[in-house]
$ cat input14.cif   # mmCIF, C-alpha atoms and all ligand atoms
data_query
#
loop_
_atom_site.label_atom_id
_atom_site.label_comp_id
_atom_site.auth_asym_id
_atom_site.auth_seq_id
_atom_site.Cartn_x
_atom_site.Cartn_y
_atom_site.Cartn_z
CA GLU B 1 132.10 137.48 145.73
CA SER B 2 131.05 137.84 149.39
CA LYS B 3 127.55 136.78 148.38
CA TYR B 4 128.60 133.15 148.13
CA MET B 5 130.33 132.79 151.45
CA ARG B 6 128.78 130.95 154.38
CA VAL B 7 129.24 132.46 157.85
CA LEU B 8 128.49 130.73 161.14
CA ILE B 9 127.72 132.89 164.16
CA ILE B 10 128.08 131.37 167.64
CA GLY B 11 125.92 133.28 170.13
CA ALA B 12 122.95 135.51 169.37
CA GLY B 13 123.07 138.18 172.03
CA ILE B 14 123.00 141.80 170.91
CA LEU B 15 126.38 141.39 169.19
CA GLY B 16 125.80 138.13 167.31
CA ALA B 17 122.32 139.29 166.31
CA SER B 18 123.79 142.47 164.86
CA VAL B 19 126.55 140.64 162.97
CA ALA B 20 123.91 138.30 161.51
CA TYR B 21 121.56 141.11 160.54
CA HIS B 22 124.25 143.19 158.85
CA LEU B 23 125.76 140.18 157.05
CA ALA B 24 122.33 139.13 155.78
CA ARG B 25 121.80 142.64 154.46
CA LYS B 26 124.98 142.17 152.44
CA GLY B 27 123.58 139.01 150.90
CA VAL B 28 125.88 136.67 152.85
CA GLU B 29 124.57 133.22 153.82
CA VAL B 30 124.35 133.14 157.61
CA GLU B 31 123.70 130.44 160.21
CA ILE B 32 123.13 131.55 163.80
CA ILE B 33 123.56 129.05 166.64
CA ASP B 34 122.78 130.01 170.23
CA GLU B 35 122.63 127.87 173.34
CA GLU B 36 120.73 130.50 175.40
CA HIS B 37 122.70 129.99 178.61
CA GLN B 38 120.99 131.15 181.80
CA GLY B 39 122.27 134.67 182.42
CA LYS B 40 122.64 135.63 178.74
CA ALA B 41 123.61 139.28 179.22
CA THR B 42 121.33 140.66 176.51
CA LEU B 43 118.26 139.29 178.29
CA ALA B 44 119.15 141.10 181.53
CA GLY B 45 120.74 144.33 180.28
CA ALA B 46 119.05 147.52 181.40
CA GLY B 47 119.04 149.23 178.01
CA ILE B 48 120.45 152.69 178.63
CA VAL B 49 122.02 154.33 175.58
CA ALA B 50 123.64 157.53 176.88
CA PRO B 51 127.43 157.18 176.78
CA TRP B 52 128.35 160.85 177.15
CA ALA B 53 127.84 160.90 180.94
CA THR B 54 130.20 158.05 181.79
CA ALA B 55 132.62 158.75 184.62
CA VAL B 56 135.26 156.57 182.96
CA GLU B 57 138.13 158.71 181.67
CA GLY B 58 141.46 157.99 180.03
CA GLN B 59 140.09 155.30 177.68
CA PRO B 60 139.82 157.21 174.38
CA GLU B 61 139.56 154.15 172.10
CA TRP B 62 136.83 152.57 174.21
CA TYR B 63 134.98 155.86 174.58
CA GLY B 64 135.16 156.48 170.83
CA LEU B 65 133.47 153.15 170.16
CA TYR B 66 130.91 153.75 172.93
CA ALA B 67 129.97 157.14 171.46
CA ALA B 68 129.88 155.73 167.91
CA GLY B 69 127.54 153.01 169.18
CA ALA B 70 125.06 155.57 170.44
CA ARG B 71 125.34 157.61 167.23
CA TYR B 72 124.53 154.53 165.12
CA TYR B 73 121.23 153.83 166.92
CA ALA B 74 119.21 156.25 164.78
CA ASP B 75 120.24 154.41 161.58
CA LEU B 76 119.75 151.02 163.20
CA ILE B 77 116.22 151.78 164.34
CA SER B 78 115.12 153.28 161.03
CA GLY B 79 116.68 150.36 159.14
CA LEU B 80 114.61 147.91 161.19
CA GLU B 81 111.44 149.99 160.99
CA GLY B 82 111.52 149.75 157.19
CA PRO B 83 110.79 145.99 157.17
CA GLY B 84 108.22 146.44 159.96
CA GLU B 85 110.25 145.87 163.15
CA THR B 86 108.79 148.73 165.17
CA ASN B 87 108.30 147.10 168.59
CA LEU B 88 111.79 147.53 170.05
CA GLY B 89 111.08 149.32 173.31
CA TYR B 90 113.23 152.09 171.91
CA GLY B 91 112.63 155.66 173.04
CA LYS B 92 114.63 158.85 173.03
CA VAL B 93 113.39 159.61 176.53
CA GLY B 94 116.39 161.68 177.61
CA ALA B 95 118.66 161.16 180.60
CA LEU B 96 119.11 162.97 183.90
CA VAL B 97 122.49 163.10 185.59
CA VAL B 98 122.10 163.70 189.31
CA ALA B 99 124.50 163.93 192.25
CA GLU B 100 124.30 164.44 196.01
CA GLU B 101 126.83 167.23 195.97
CA LYS B 102 126.84 170.31 193.78
CA GLY B 103 130.59 170.07 193.25
CA VAL B 104 130.24 166.55 191.89
CA LEU B 105 127.45 167.64 189.54
CA ASP B 106 129.58 170.57 188.35
CA GLU B 107 132.38 168.15 187.50
CA ALA B 108 129.98 165.85 185.67
CA GLU B 109 128.66 168.81 183.71
CA ALA B 110 132.13 169.96 182.66
CA ARG B 111 132.94 166.42 181.49
CA LEU B 112 129.67 166.19 179.57
CA LEU B 113 130.04 169.55 177.86
CA ARG B 114 133.53 168.57 176.71
CA ARG B 115 132.26 165.27 175.28
CA ILE B 116 129.14 166.45 173.49
CA LYS B 117 131.07 168.99 171.39
CA ASP B 118 131.22 166.33 168.70
CA ALA B 119 127.98 164.55 169.60
CA PRO B 120 125.08 166.71 168.40
CA GLU B 121 122.81 163.67 168.90
CA ALA B 122 123.05 164.29 172.66
CA GLY B 123 120.92 167.40 172.10
CA ASP B 124 120.85 170.61 174.09
CA VAL B 125 122.40 169.50 177.39
CA ARG B 126 121.43 171.83 180.25
CA ARG B 127 121.09 172.22 184.00
CA ILE B 128 117.56 171.95 185.40
CA SER B 129 116.05 172.66 188.82
CA PRO B 130 114.97 170.01 191.34
CA ALA B 131 111.33 170.79 190.54
CA GLU B 132 111.88 170.31 186.79
CA ALA B 133 113.72 167.08 187.46
CA ARG B 134 110.77 165.76 189.49
CA GLU B 135 108.38 166.72 186.73
CA LEU B 136 110.36 164.49 184.39
CA PHE B 137 110.88 161.65 186.91
CA PRO B 138 108.18 162.00 189.60
CA PRO B 139 109.44 159.43 192.20
CA LEU B 140 112.79 161.29 192.45
CA ARG B 141 113.83 162.61 195.85
CA GLU B 142 113.23 166.31 196.50
CA GLY B 143 116.04 168.83 196.16
CA MET B 144 118.03 167.04 193.45
CA GLU B 145 119.38 169.43 190.84
CA ALA B 146 120.07 167.66 187.54
CA ILE B 147 121.69 167.86 184.13
CA TYR B 148 119.24 167.02 181.36
CA ILE B 149 120.49 165.20 178.23
CA PRO B 150 117.63 165.21 175.70
CA GLY B 151 119.36 162.75 173.35
CA GLY B 152 119.61 159.94 175.91
CA ALA B 153 117.70 156.82 174.94
CA ARG B 154 116.66 153.41 176.20
CA VAL B 155 115.91 150.18 174.40
CA ASP B 156 114.50 146.76 175.26
CA ALA B 157 117.45 144.58 174.25
CA ARG B 158 115.34 141.41 174.29
CA LEU B 159 113.07 142.89 171.64
CA LEU B 160 115.91 144.48 169.66
CA SER B 161 118.08 141.35 169.44
CA ALA B 162 115.08 139.17 168.55
CA ALA B 163 114.12 141.68 165.84
CA MET B 164 117.61 141.62 164.30
CA VAL B 165 117.62 137.81 164.20
CA ARG B 166 114.11 137.81 162.70
CA ALA B 167 115.15 140.36 160.06
CA ALA B 168 118.22 138.23 159.21
CA VAL B 169 116.04 135.12 158.89
CA ALA B 170 113.63 137.04 156.66
CA MET B 171 116.64 137.68 154.37
CA GLY B 172 117.56 133.98 154.28
CA ALA B 173 119.58 133.31 157.45
CA THR B 174 118.90 130.26 159.59
CA ALA B 175 118.79 130.32 163.40
CA ARG B 176 118.73 127.43 165.85
CA ASN B 177 119.63 126.39 169.39
CA ASP B 178 122.62 124.16 170.08
CA HIS B 179 125.78 123.99 172.14
CA VAL B 180 128.78 124.00 169.81
CA THR B 181 132.53 123.67 170.28
CA LEU B 182 135.57 124.56 168.17
CA ARG B 183 138.60 122.62 167.03
CA LEU B 184 141.58 123.20 164.78
CA GLN B 185 142.01 121.42 161.48
CA ASP B 186 144.98 122.31 159.25
CA GLY B 187 145.29 125.71 160.93
CA LYS B 188 141.63 126.53 160.39
CA ALA B 189 138.82 126.72 162.96
CA VAL B 190 136.09 124.12 162.62
CA CYS B 191 132.80 124.26 164.51
CA VAL B 192 131.31 121.04 165.88
CA GLY B 193 127.67 120.64 166.92
CA SER B 194 126.46 118.72 169.98
CA ASP B 195 125.81 115.74 167.65
CA GLY B 196 129.57 115.57 166.97
CA ARG B 197 129.26 116.68 163.35
CA SER B 198 131.22 119.59 161.96
CA ILE B 199 129.23 122.47 160.54
CA ARG B 200 130.28 123.84 157.17
CA ALA B 201 131.45 127.45 157.24
CA ASP B 202 133.91 129.70 155.41
CA GLU B 203 134.12 131.96 158.46
CA ILE B 204 133.15 131.49 162.11
CA VAL B 205 132.24 134.48 164.26
CA VAL B 206 132.38 133.85 168.02
CA THR B 207 130.00 136.22 169.80
CA ALA B 208 129.51 133.92 172.78
CA GLY B 209 129.43 136.53 175.55
CA ALA B 210 130.84 135.57 178.95
CA TRP B 211 131.18 131.94 177.76
CA ALA B 212 133.51 132.66 174.82
CA ALA B 213 136.70 131.53 176.60
CA GLN B 214 135.18 128.07 177.10
CA ILE B 215 135.30 127.42 173.35
CA LEU B 216 138.30 129.62 172.42
CA ASN B 217 140.85 128.48 175.02
CA PRO B 218 140.87 124.84 173.80
CA LEU B 219 142.27 126.23 170.50
CA GLY B 220 145.40 127.33 172.37
CA LEU B 221 144.19 130.89 172.88
CA THR B 222 144.11 132.72 176.21
CA HIS B 223 140.90 134.65 175.86
CA PRO B 224 140.80 137.27 178.65
CA VAL B 225 137.03 137.58 179.12
CA GLY B 226 134.89 136.22 181.94
CA PRO B 227 131.56 136.83 183.65
CA GLN B 228 130.74 139.91 185.68
CA LYS B 229 127.43 139.14 187.37
CA GLY B 230 124.70 141.77 187.46
CA GLN B 231 121.46 141.60 189.44
CA ILE B 232 118.82 144.07 188.27
CA VAL B 233 115.45 144.81 189.86
CA HIS B 234 112.18 145.31 187.93
CA LEU B 235 109.29 147.17 189.56
CA ARG B 236 105.82 148.14 188.40
CA LEU B 237 103.87 151.25 189.33
CA PRO B 238 100.32 150.11 188.56
CA GLY B 239 98.41 152.59 186.43
CA VAL B 240 101.30 155.04 186.09
CA ALA B 241 102.38 156.12 182.59
CA THR B 242 106.15 155.70 182.82
CA GLY B 243 106.89 155.44 179.10
CA LYS B 244 108.34 158.93 178.73
CA TRP B 245 110.41 159.02 181.91
CA PRO B 246 114.10 159.73 181.32
CA CYS B 247 116.92 157.44 182.41
CA LEU B 248 118.30 158.47 185.78
CA LEU B 249 122.08 158.44 186.03
CA PRO B 250 123.39 159.28 189.51
CA VAL B 251 127.12 159.96 189.46
CA GLY B 252 128.84 156.93 190.95
CA SER B 253 125.73 155.01 191.97
CA HIS B 254 122.88 152.79 190.77
CA TYR B 255 120.88 153.95 187.74
CA MET B 256 117.23 153.73 186.85
CA LEU B 257 115.09 153.70 183.71
CA ALA B 258 111.48 153.13 182.75
CA PHE B 259 109.51 151.40 180.00
CA ASP B 260 105.99 151.75 178.59
CA ASP B 261 104.33 149.07 180.71
CA SER B 262 104.47 151.01 184.03
CA ARG B 263 107.86 149.37 184.55
CA VAL B 264 110.78 150.91 186.38
CA VAL B 265 114.14 149.15 186.37
CA ILE B 266 116.92 149.68 188.93
CA GLY B 267 120.38 148.44 188.12
CA ALA B 268 122.61 146.76 188.97
CA THR B 269 125.23 144.87 190.95
CA ARG B 270 128.70 144.44 189.49
CA GLU B 271 130.10 141.20 190.88
CA ASP B 272 133.50 140.14 189.61
CA ASN B 273 133.86 137.13 191.88
CA SER B 274 130.52 135.37 191.56
CA GLY B 275 131.37 133.27 188.50
CA PHE B 276 128.30 131.89 186.70
CA ASP B 277 126.20 131.81 189.88
CA TYR B 278 122.69 132.25 188.47
CA ARG B 279 120.91 133.21 191.69
CA VAL B 280 119.30 136.30 193.13
CA THR B 281 121.09 136.86 196.44
CA ALA B 282 119.80 138.61 199.54
CA ALA B 283 122.66 141.10 199.53
CA GLY B 284 122.54 141.75 195.78
CA GLU B 285 118.86 142.53 195.70
CA HIS B 286 119.13 144.56 198.91
CA GLU B 287 121.94 146.68 197.49
CA VAL B 288 120.08 147.55 194.30
CA ARG B 289 116.65 148.09 195.80
CA GLY B 290 118.12 150.14 198.66
CA ALA B 291 120.01 152.45 196.33
CA GLY B 292 116.92 152.84 194.15
CA LEU B 293 114.62 153.76 197.03
CA ALA B 294 117.13 156.21 198.48
CA LEU B 295 117.25 158.04 195.15
CA ALA B 296 113.56 157.72 194.31
CA PRO B 297 111.48 157.30 197.48
CA GLY B 298 108.36 157.57 195.32
CA LEU B 299 108.98 153.94 194.29
CA ALA B 300 108.33 152.61 197.80
CA SER B 301 104.86 151.27 196.96
CA ALA B 302 105.80 149.80 193.58
CA THR B 303 105.24 146.10 192.92
CA HIS B 304 108.38 143.98 192.75
CA ILE B 305 108.02 142.03 189.48
CA GLU B 306 111.31 140.20 189.13
CA THR B 307 115.06 140.41 189.58
CA ARG B 308 117.04 139.47 186.48
CA ILE B 309 120.56 138.12 186.40
CA GLY B 310 123.03 138.66 183.57
CA PHE B 311 126.69 137.83 183.07
CA ARG B 312 128.45 140.76 181.40
CA PRO B 313 131.31 139.60 179.18
CA ALA B 314 134.01 141.48 181.07
CA GLY B 315 137.55 141.65 179.74
CA SER B 316 140.78 142.21 181.62
CA ASP B 317 140.67 145.56 179.79
CA ILE B 318 137.60 147.80 179.28
CA LYS B 319 138.21 147.66 175.51
CA PRO B 320 136.12 145.12 173.59
CA ILE B 321 137.85 142.48 171.48
CA LEU B 322 136.70 142.72 167.87
CA GLY B 323 138.46 141.21 164.89
CA ARG B 324 140.14 138.27 163.17
CA VAL B 325 142.20 135.91 165.31
CA PRO B 326 145.78 136.02 163.98
CA GLY B 327 147.23 132.64 163.05
CA ILE B 328 143.94 130.75 162.86
CA GLY B 329 142.07 130.62 159.60
CA GLY B 330 138.42 131.63 159.36
CA LEU B 331 137.97 132.77 162.95
CA THR B 332 136.64 136.15 164.06
CA VAL B 333 135.84 137.19 167.63
CA GLY B 334 133.40 139.77 168.97
CA ASN B 335 133.47 139.92 172.74
CA GLY B 336 134.25 141.80 175.94
CA LEU B 337 131.48 144.41 175.64
CA GLY B 338 131.23 144.55 179.42
CA ALA B 339 128.75 147.01 180.94
CA SER B 340 128.21 148.98 177.73
CA GLY B 341 127.36 146.26 175.24
CA LEU B 342 123.82 147.27 174.43
CA THR B 343 125.15 150.64 173.31
CA ILE B 344 128.23 149.34 171.47
CA GLY B 345 126.83 146.02 170.21
CA PRO B 346 124.76 147.05 167.17
CA PHE B 347 127.56 149.25 165.76
CA ALA B 348 130.32 146.75 166.57
CA GLY B 349 128.25 144.04 164.86
CA LYS B 350 127.94 146.17 161.74
CA CYS B 351 131.73 146.68 161.70
CA LEU B 352 132.39 142.93 162.14
CA ALA B 353 129.99 142.19 159.29
CA GLU B 354 132.00 144.54 157.07
CA LEU B 355 135.25 142.88 158.14
CA VAL B 356 133.94 139.40 157.34
CA ALA B 357 132.10 140.20 154.13
CA ASP B 358 134.51 142.72 152.63
CA GLY B 359 137.73 141.17 153.90
CA ALA B 360 139.12 144.41 155.34
CA ALA B 361 138.52 145.80 158.81
CA PRO B 362 136.82 149.19 158.95
CA THR B 363 139.00 151.79 160.70
CA ALA B 364 136.56 151.88 163.63
CA LEU B 365 137.99 148.48 164.66
CA ASP B 366 141.63 149.63 164.67
CA GLY B 367 143.24 148.64 167.96
CA PHE B 368 140.52 146.20 169.02
CA GLY B 369 141.85 143.01 167.41
CA PRO B 370 142.31 139.79 169.44
CA LYS B 371 145.72 138.30 170.24
CA GLY B 372 146.78 135.09 168.57
CA ARG B 373 148.08 131.87 170.12
CA GLY B 374 150.91 131.79 172.69
P1 LIG B 401 125.26 137.65 175.44
O1 LIG B 401 124.07 138.50 175.37
O2 LIG B 401 125.60 137.03 176.75
O3 LIG B 401 125.06 136.50 174.34
C1 LIG B 401 125.97 135.42 174.21
C2 LIG B 401 125.21 134.19 173.74
O4 LIG B 401 126.15 133.22 173.30
C3 LIG B 401 124.39 133.53 174.84
O5 LIG B 401 123.06 133.36 174.43
C4 LIG B 401 125.07 132.18 175.03
O6 LIG B 401 124.19 131.14 175.40
C5 LIG B 401 125.66 131.95 173.64
N1 LIG B 401 126.74 130.95 173.69
C6 LIG B 401 127.85 130.98 174.44
N2 LIG B 401 128.61 129.87 174.22
C7 LIG B 401 127.95 129.14 173.30
C8 LIG B 401 128.23 127.89 172.67
N3 LIG B 401 129.35 127.19 172.93
N4 LIG B 401 127.34 127.40 171.76
C9 LIG B 401 126.20 128.12 171.48
N5 LIG B 401 125.91 129.29 172.04
C10 LIG B 401 126.76 129.82 172.94
N6 LIG B 401 124.80 147.75 178.24
C11 LIG B 401 124.43 149.00 177.85
O7 LIG B 401 124.91 149.50 176.84
N7 LIG B 401 123.49 149.68 178.55
C12 LIG B 401 122.94 149.19 179.68
O8 LIG B 401 122.09 149.84 180.29
C13 LIG B 401 123.36 147.91 180.15
N8 LIG B 401 122.85 147.41 181.30
C14 LIG B 401 123.23 146.17 181.73
C15 LIG B 401 122.69 145.67 182.92
C16 LIG B 401 123.01 144.39 183.35
C17 LIG B 401 122.41 143.87 184.63
C18 LIG B 401 123.87 143.58 182.57
C19 LIG B 401 124.18 142.17 182.99
C20 LIG B 401 124.43 144.10 181.40
C21 LIG B 401 124.13 145.40 180.96
N9 LIG B 401 124.69 145.95 179.79
C22 LIG B 401 124.31 147.20 179.36
C23 LIG B 401 125.71 145.22 179.04
C24 LIG B 401 125.14 144.34 177.93
O9 LIG B 401 123.96 143.71 178.37
C25 LIG B 401 126.16 143.30 177.48
O10 LIG B 401 127.43 143.89 177.23
C26 LIG B 401 125.71 142.64 176.17
O11 LIG B 401 124.39 142.17 176.30
C27 LIG B 401 126.64 141.50 175.76
O12 LIG B 401 126.12 140.91 174.60
P2 LIG B 401 126.80 139.66 173.91
O13 LIG B 401 126.05 139.44 172.65
O14 LIG B 401 128.26 139.85 173.84
O15 LIG B 401 126.59 138.42 174.95
#

$ encode --input "input14.cif" --output "structure tokens" --more "lines below"
Ligand code: FAD
Amino acid sequence: ESKYMRVLIIGAGILGASVAYHLARKGVEVEIIDEEHQGKATLAGAGIVAPWATAVEGQPEWYGLYAAGARYYADLISGLEGPGETNLGYGKVGALVVAEEKGVLDEAEARLLRRIKDAPEAGDVRRISPAEARELFPPLREGMEAIYIPGGARVDARLLSAAMVRAAVAMGATARNDHVTLRLQDGKAVCVGSDGRSIRADEIVVTAGAWAAQILNPLGLTHPVGPQKGQIVHLRLPGVATGKWPCLLPVGSHYMLAFDDSRVVIGATREDNSGFDYRVTAAGEHEVRGAGLALAPGLASATHIETRIGFRPAGSDIKPILGRVPGIGGLTVGNGLGASGLTIGPFAGKCLAELVADGAAPTALDGFGPKGRG
């Protein structure tokens, strides 16, 4: 039955792209519409997939989804490789947790060992010496003991989201750019294009990132997600093979990761009061670059390529919002992925596709549903 439904997806970041891809795989007719706002989070996201080291505690539902997101990556990547999508910037390069103080690293290790008990994909987590750490990540400061997580990974989210849209289109989906709005008609959500015409759909999925409230609130909803600005610095070390370098995760400070093209990325600011200000600021860039050079002085002579800006869809709560909107027909929301959306997004998108196509929410989405009107 699901085969003959038509689903409209608003926003093709990592989450919308995943919903589209997984719906198309189920034979559902899909239309993807994306405005490509400046600061689309998926185009700026760093790409670290290593949830087990997070310092956030006391959020078991969120953490469960975060960990499930990382676990799903292996299936996701092999599913895309089948039809020939192999250029995703994905690598299981490992991750290094480092800290200034031994006591802090000990705490991080205890937390990690507790978490990876049911995450074999994290691999054989172990303490390594400062010399071993510098072998893995040569620009690193001397004297930094580290915890090595072999199962840590990184991905180029630009490539991954484009690949999922392309794979969906190859299975019959359509994708185009437009700015759309929503309105209510007889208790059901209707999507209207910039030409003023309504777009036919049995179900609308809003995966509109930090902009989602702009189209949901006019329906009488109070959607609690807004932009958290991130500035992230890209460097190049000419001639240096950086493709196998692990992600660097200092406890409580700015992280770092590397890609194949001699590229090293330092992230990122977390600005809750900058709105949709799409500008690289003196202080923002200074903060990130300064933290990066303090941790990895070997980057001092790197070329500065660019500083990207992204607006994380940040909720009033760390928990994402994933599910059907109560009281409004044909409306599903996927939003609020915050700072961990590249890890959670592919899995959350698969779950939303199951909800929409099969009519019942998978248990992984229990407790994440949006609130209704008033
Ligand atoms: P987006 O990628 O923002 O996509 C939403 C899309 O919807 C946009 O293209 C927008 O134009 C479109 N849209 C909105 N309104 C409309 C409309 N009315 N009509 C048409 N289209 C519309 N996560 C990790 O897991 N690991 C990381 O290392 C990591 N690093 C990050 C670093 C930075 C600097 C930032 C900013 C984020 C990082 N994240 C990371 C988080 C991750 O990038 C985000 O959570 C994720 O990309 C959000 O995806 P999304 O699909 O919800 O939104």

$ closest_atom_pairs --input "input14.cif" --of "chain B" --to "ligand LIG 401 (chain B)" --cutoff "6 Å" --atoms "all atoms listed in the file" --output "Markdown table"
| residue | atom | partner | partner_atom | distance |
| --- | --- | --- | --- | --- |
| B:Ile10 | CA | B:LIG401 | N5 | 5.3 |
| B:Gly11 | CA | B:LIG401 | O4 | 3.2 |
| B:Ala12 | CA | B:LIG401 | C2 | 5.1 |
| B:Gly13 | CA | B:LIG401 | O13 | 3.3 |
| B:Ile14 | CA | B:LIG401 | O13 | 4.2 |
| B:Leu15 | CA | B:LIG401 | O13 | 4.0 |
| B:Gly16 | CA | B:LIG401 | O13 | 5.5 |
| B:Ile33 | CA | B:LIG401 | C9 | 5.6 |
| B:Asp34 | CA | B:LIG401 | N5 | 3.7 |
| B:Glu35 | CA | B:LIG401 | N5 | 3.8 |
| B:Glu36 | CA | B:LIG401 | O6 | 3.5 |
| B:His37 | CA | B:LIG401 | O6 | 3.7 |
| B:Lys40 | CA | B:LIG401 | O2 | 3.8 |
| B:Ala41 | CA | B:LIG401 | O2 | 3.9 |
| B:Thr42 | CA | B:LIG401 | O11 | 3.4 |
| B:Ala44 | CA | B:LIG401 | C17 | 5.3 |
| B:Gly45 | CA | B:LIG401 | C14 | 3.4 |
| B:Ala46 | CA | B:LIG401 | N8 | 3.8 |
| B:Gly47 | CA | B:LIG401 | O8 | 3.9 |
| B:Ile48 | CA | B:LIG401 | O8 | 3.7 |
| B:Val49 | CA | B:LIG401 | N7 | 5.7 |
| B:Asp178 | CA | B:LIG401 | C9 | 5.5 |
| B:His179 | CA | B:LIG401 | N4 | 3.8 |
| B:Val180 | CA | B:LIG401 | N4 | 4.2 |
| B:Thr181 | CA | B:LIG401 | N3 | 5.4 |
| B:Thr207 | CA | B:LIG401 | O14 | 5.7 |
| B:Ala208 | CA | B:LIG401 | O4 | 3.5 |
| B:Gly209 | CA | B:LIG401 | O15 | 3.5 |
| B:Ala210 | CA | B:LIG401 | O2 | 5.9 |
| B:Trp211 | CA | B:LIG401 | C6 | 4.8 |
| B:Ala212 | CA | B:LIG401 | N2 | 5.7 |
| B:Ile215 | CA | B:LIG401 | N3 | 6.0 |
| B:Gly230 | CA | B:LIG401 | C17 | 4.2 |
| B:Gln231 | CA | B:LIG401 | C17 | 5.4 |
| B:Ile232 | CA | B:LIG401 | C17 | 5.1 |
| B:Ala268 | CA | B:LIG401 | C17 | 5.2 |
| B:Gly310 | CA | B:LIG401 | C19 | 3.7 |
| B:Phe311 | CA | B:LIG401 | C19 | 5.0 |
| B:Arg312 | CA | B:LIG401 | C19 | 4.8 |
| B:Asn335 | CA | B:LIG401 | O14 | 5.3 |
| B:Leu337 | CA | B:LIG401 | O10 | 4.4 |
| B:Gly338 | CA | B:LIG401 | O10 | 4.4 |
| B:Ala339 | CA | B:LIG401 | C23 | 4.0 |
| B:Ser340 | CA | B:LIG401 | O7 | 3.5 |
| B:Gly341 | CA | B:LIG401 | O10 | 3.1 |
| B:Leu342 | CA | B:LIG401 | O7 | 3.5 |
| B:Thr343 | CA | B:LIG401 | O7 | 3.7 |

$ residues_around --input "input14.cif" --residues "segment 351-368 of chain B" --least-positions-apart "2" --cutoff "10 Å" --atoms "all atoms listed in the file" --output "PyMOL selection string"
chain B and resi 1-7+15-16+18-28+61-62+64-65+68+202-205+319-324+330-334+345-349+370-371

$ atom_distance --input "input14.cif" --atom1 "atom CA of Ile149 of chain B" --atom2 "atom CA of Leu96 of chain B"
6.2 Å

$ residues_around --input "input14.cif" --residues "Gly79 of chain B" --least-positions-apart "2" --cutoff "12 Å" --atoms "only C-alpha atoms" --output "ChimeraX atom specification"
/B:21-22,25,72-77,81-86,163-164,167,346

$ closest_residue --input "input14.cif" --among "B:Lys102, B:Lys117, B:Arg111, B:Arg166" --to "Ala146 of chain B" --atoms "all atoms listed in the file"
B:Lys102
